[in-house]
Structures are given as structure tokens and as C-alpha cells.
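Q: Dropping in data-v5.pdb, with PDB, C-alpha atoms, pLDDT in the B column.
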ATOM      1  CA  MET A   1      -6.601  75.666  56.217  1.00 68.00           C
ATOM      2  CA  LYS A   2      -8.228  72.288  56.664  1.00 68.00           C
ATOM      3  CA  GLU A   3     -10.267  72.935  53.533  1.00 79.00           C
ATOM      4  CA  SER A   4      -7.132  73.914  51.676  1.00 86.00           C
ATOM      5  CA  ILE A   5      -5.464  70.605  52.562  1.00 85.00           C
ATOM      6  CA  ILE A   6      -8.592  68.716  51.540  1.00 84.00           C
ATOM      7  CA  ASP A   7      -8.730  70.667  48.266  1.00 82.00           C
ATOM      8  CA  ASP A   8      -5.065  69.914  47.634  1.00 83.00           C
ATOM      9  CA  VAL A   9      -5.613  66.212  48.326  1.00 86.00           C
ATOM     10  CA  MET A  10      -8.699  66.188  46.078  1.00 89.00           C
ATOM     11  CA  ARG A  11      -6.750  67.896  43.281  1.00 89.00           C
ATOM     12  CA  ASP A  12      -3.938  65.369  43.695  1.00 85.00           C
ATOM     13  CA  VAL A  13      -6.457  62.506  43.616  1.00 89.00           C
ATOM     14  CA  ARG A  14      -8.157  63.930  40.483  1.00 93.00           C
ATOM     15  CA  ALA A  15      -4.786  64.469  38.844  1.00 91.00           C
ATOM     16  CA  ALA A  16      -3.769  60.904  39.726  1.00 91.00           C
ATOM     17  CA  GLU A  17      -7.075  59.595  38.351  1.00 92.00           C
ATOM     18  CA  GLU A  18      -6.643  61.615  35.143  1.00 93.00           C
ATOM     19  CA  ASN A  19      -3.078  60.403  34.875  1.00 93.00           C
ATOM     20  CA  ALA A  20      -4.252  56.812  35.430  1.00 94.00           C
ATOM     21  CA  ASP A  21      -7.012  57.246  32.819  1.00 92.00           C
ATOM     22  CA  MET A  22      -4.487  58.658  30.357  1.00 96.00           C
ATOM     23  CA  MET A  23      -2.088  55.771  31.035  1.00 96.00           C
ATOM     24  CA  ILE A  24      -4.908  53.258  30.568  1.00 96.00           C
ATOM     25  CA  GLU A  25      -5.887  54.901  27.266  1.00 96.00           C
ATOM     26  CA  GLN A  26      -2.266  54.906  26.101  1.00 97.00           C
ATOM     27  CA  ALA A  27      -1.955  51.249  27.049  1.00 96.00           C
ATOM     28  CA  ARG A  28      -5.145  50.427  25.134  1.00 96.00           C
ATOM     29  CA  GLN A  29      -3.875  52.331  22.097  1.00 97.00           C
ATOM     30  CA  GLN A  30      -0.513  50.552  22.244  1.00 97.00           C
ATOM     31  CA  ALA A  31      -2.300  47.221  22.581  1.00 96.00           C
ATOM     32  CA  LYS A  32      -4.431  48.007  19.513  1.00 96.00           C
ATOM     33  CA  GLU A  33      -1.338  48.986  17.543  1.00 96.00           C
ATOM     34  CA  ARG A  34       0.445  45.812  18.599  1.00 97.00           C
ATOM     35  CA  VAL A  35      -2.561  43.688  17.641  1.00 97.00           C
ATOM     36  CA  LEU A  36      -2.743  45.393  14.238  1.00 96.00           C
ATOM     37  CA  ALA A  37       1.001  44.918  13.727  1.00 97.00           C
ATOM     38  CA  ALA A  38       0.739  41.259  14.741  1.00 97.00           C
ATOM     39  CA  GLU A  39      -2.199  40.720  12.374  1.00 97.00           C
ATOM     40  CA  ALA A  40      -0.275  42.389   9.544  1.00 97.00           C
ATOM     41  CA  GLU A  41       2.747  40.191  10.265  1.00 97.00           C
ATOM     42  CA  ALA A  42       0.533  37.104  10.394  1.00 97.00           C
ATOM     43  CA  ASP A  43      -1.048  38.060   7.059  1.00 97.00           C
ATOM     44  CA  LYS A  44       2.411  38.541   5.575  1.00 97.00           C
ATOM     45  CA  MET A  45       3.543  35.156   6.898  1.00 97.00           C
ATOM     46  CA  ARG A  46       0.386  33.487   5.551  1.00 97.00           C
ATOM     47  CA  ALA A  47       1.010  35.000   2.109  1.00 97.00           C
ATOM     48  CA  GLU A  48       4.660  33.903   2.170  1.00 97.00           C
ATOM     49  CA  ASN A  49       3.711  30.392   3.281  1.00 97.00           C
ATOM     50  CA  LYS A  50       1.014  30.193   0.629  1.00 97.00           C
ATOM     51  CA  GLN A  51       3.540  31.202  -2.033  1.00 97.00           C
ATOM     52  CA  ARG A  52       6.115  28.752  -0.662  1.00 97.00           C
ATOM     53  CA  LEU A  53       3.548  25.924  -0.670  1.00 97.00           C
ATOM     54  CA  LYS A  54       2.519  26.842  -4.199  1.00 97.00           C
ATOM     55  CA  GLU A  55       6.164  26.618  -5.306  1.00 97.00           C
ATOM     56  CA  LEU A  56       6.640  23.306  -3.469  1.00 96.00           C
ATOM     57  CA  LYS A  57       3.509  21.930  -5.127  1.00 96.00           C
ATOM     58  CA  ARG A  58       4.729  23.090  -8.549  1.00 96.00           C
ATOM     59  CA  GLN A  59       8.130  21.506  -7.950  1.00 96.00           C
ATOM     60  CA  ALA A  60       6.525  18.266  -6.770  1.00 96.00           C
ATOM     61  CA  GLN A  61       4.370  18.202  -9.902  1.00 96.00           C
ATOM     62  CA  LEU A  62       7.442  18.739 -12.083  1.00 95.00           C
ATOM     63  CA  ASP A  63       9.315  15.987 -10.249  1.00 95.00           C
ATOM     64  CA  THR A  64       6.353  13.647 -10.559  1.00 95.00           C
ATOM     65  CA  ALA A  65       5.972  14.436 -14.263  1.00 94.00           C
ATOM     66  CA  SER A  66       9.684  13.829 -14.787  1.00 94.00           C
ATOM     67  CA  ARG A  67       9.588  10.484 -12.978  1.00 94.00           C
ATOM     68  CA  ALA A  68       6.441   9.514 -14.890  1.00 94.00           C
ATOM     69  CA  ALA A  69       8.134  10.389 -18.203  1.00 94.00           C
ATOM     70  CA  GLU A  70      11.168   8.289 -17.270  1.00 94.00           C
ATOM     71  CA  ARG A  71       8.912   5.368 -16.308  1.00 94.00           C
ATOM     72  CA  ARG A  72       6.891   5.771 -19.514  1.00 93.00           C
ATOM     73  CA  ASP A  73      10.081   5.805 -21.616  1.00 93.00           C
ATOM     74  CA  ALA A  74      11.363   2.666 -19.868  1.00 93.00           C
ATOM     75  CA  LEU A  75       8.039   0.891 -20.437  1.00 92.00           C
ATOM     76  CA  MET A  76       7.965   1.997 -24.073  1.00 93.00           C
ATOM     77  CA  LYS A  77      11.511   0.691 -24.599  1.00 93.00           C
ATOM     78  CA  LYS A  78      10.591  -2.592 -22.915  1.00 91.00           C
ATOM     79  CA  GLY A  79       7.483  -2.832 -25.132  1.00 88.00           C
ATOM     80  CA  GLU A  80       9.514  -2.098 -28.265  1.00 91.00           C
ATOM     81  CA  ASN A  81      12.037  -4.774 -27.341  1.00 90.00           C
ATOM     82  CA  ALA A  82       9.259  -7.280 -26.671  1.00 87.00           C
ATOM     83  CA  ALA A  83       7.633  -6.414 -30.013  1.00 85.00           C
ATOM     84  CA  LYS A  84      10.944  -6.851 -31.872  1.00 86.00           C
ATOM     85  CA  GLU A  85      11.507 -10.195 -30.168  1.00 85.00           C
ATOM     86  CA  LEU A  86       7.982 -11.307 -31.069  1.00 80.00           C
ATOM     87  CA  ILE A  87       8.511 -10.298 -34.705  1.00 79.00           C
ATOM     88  CA  GLU A  88      11.839 -12.130 -34.825  1.00 79.00           C
ATOM     89  CA  ASN A  89      10.263 -15.242 -33.314  1.00 76.00           C
ATOM     90  CA  LYS A  90       7.334 -15.003 -35.734  1.00 77.00           C
ATOM     91  CA  ASN A  91       9.680 -14.575 -38.727  1.00 72.00           C
ATOM     92  CA  SER A  92      11.695 -17.550 -37.489  1.00 76.00           C
ATOM     93  CA  ALA A  93       8.562 -19.670 -37.254  1.00 72.00           C
ATOM     94  CA  VAL A  94       7.450 -18.593 -40.749  1.00 73.00           C
ATOM     95  CA  GLU A  95      10.896 -19.361 -42.183  1.00 77.00           C
ATOM     96  CA  GLU A  96      10.888 -22.785 -40.525  1.00 77.00           C
ATOM     97  CA  ALA A  97       7.422 -23.494 -41.937  1.00 75.00           C
ATOM     98  CA  ALA A  98       8.509 -22.288 -45.382  1.00 73.00           C
ATOM     99  CA  ASP A  99      11.628 -24.461 -45.240  1.00 76.00           C
ATOM    100  CA  ALA A 100       9.492 -27.441 -44.258  1.00 79.00           C
ATOM    101  CA  VAL A 101       7.126 -26.808 -47.196  1.00 77.00           C
ATOM    102  CA  VAL A 102      10.050 -26.448 -49.615  1.00 77.00           C
ATOM    103  CA  ALA A 103      11.657 -29.601 -48.258  1.00 80.00           C
ATOM    104  CA  SER A 104       8.357 -31.418 -48.578  1.00 79.00           C
ATOM    105  CA  LEU A 105       7.918 -30.256 -52.191  1.00 74.00           C
ATOM    106  CA  ILE A 106      11.454 -31.230 -53.058  1.00 79.00           C
ATOM    107  CA  ALA A 107      10.936 -34.631 -51.513  1.00 78.00           C
ATOM    108  CA  GLN A 108       7.590 -35.056 -53.223  1.00 78.00           C
ATOM    109  CA  TYR A 109       8.811 -34.072 -56.670  1.00 75.00           C
ATOM    110  CA  LYS A 110      12.330 -35.289 -56.140  1.00 72.00           C
ATOM    111  CA  ILE A 111      13.822 -32.175 -57.577  1.00 57.00           C
TER     112      ILE A 111
END
Can you present the structure in this file as C-alpha cells?

A:
Amino acid sequence: MKESIIDDVMRDVRAAEENADMMIEQARQQAKERVLAAEAEADKMRAENKQRLKELKRQAQLDTASRAAERRDALMKKGENAAKELIENKNSAVEEAADAVVASLIAQYKI
């Protein structure tokens, strides 16, 4: 009978060890699955962030190009106005010089 009790205890211990081993293996498998799921989620988030950053960069480039075009147009307009003013001043100076020459000729020849 003593051997029977010892055998029963040994069987219970082996069963408990097997159960513990099985639980450990299940826990390891669940941990692996969770790690793989987390890595997949991280990869997905990286891809989404990369796409979002790419779109932000594209938008920033468009905004920068738009602002640069506005600045260029303003500078071109300013340059055109300055050129027109210079031409008008030059024409004025030429007309004044021509008037002075005509006046001088008239005075010289008393026409």
C-alpha cells in the first residue's frame, strides 16, 4: 500500500510536471505570436509614417514652390517697374538734351 501511495504521488508529480511543461510551451508560443504580431504592427506603422512623411514633404515642397513663385513674380514686377522708370527718366533726359540743342541752334541761327 505504501508503494501504491508513492506511485500515486509520483504519477501526480509527473502529471504536474507535464502540465507545467505544456503550460510553459503554450506561454512561449503565445509570446512568439505576440512578438510577431507586434513586429507586424510596428512594420505597418512604419510604412504608414513613411507614407505620411512623404506626403508632408511633397506638400512642403509644393508650398515652398508656390511661395517662391509668388516672390519671383513680385521681384519681376518690381524689376519691370524699375526698368520702366529708368526708361522714362532716360527719355526725359534725352528730350531735355534735344530741346537744349534745338534751343541752342535757334539762338545761334536766330531762326

Q: Provide the CA of Leu56 (chain A) to CA of Lys44 (chain A) distance in Å, to one decimal place.

A: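 Atom-to-atom, CA of Leu56 (chain A) and CA of Lys44 (chain A) are spaced 18.2 Å apart.
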
Q: Around all listed atoms of region 76-92 of chain A, padded 6 Å per side, what centre and edge lengths does the axis-aligned box have in Å to one decimal, as AutoDock Vina command-line options?

A:
--center_x 9.7 --center_y -7.8 --center_z -30.8 --size_x 16.7 --size_y 31.5 --size_z 27.8

Q: Rounded to one decimal, what separation in Å do you get between CA of Ala69 (chain A) and CA of Ile87 (chain A)?

A: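 Between CA of Ala69 (chain A) and CA of Ile87 (chain A) the gap is 26.5 Å.
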
Q: In Å, rounded to a single decimal, give me how far CA of Glu85 (chain A) is from CA of Val102 (chain A).

A: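 CA of Val102 (chain A) sits 25.4 Å away from CA of Glu85 (chain A).
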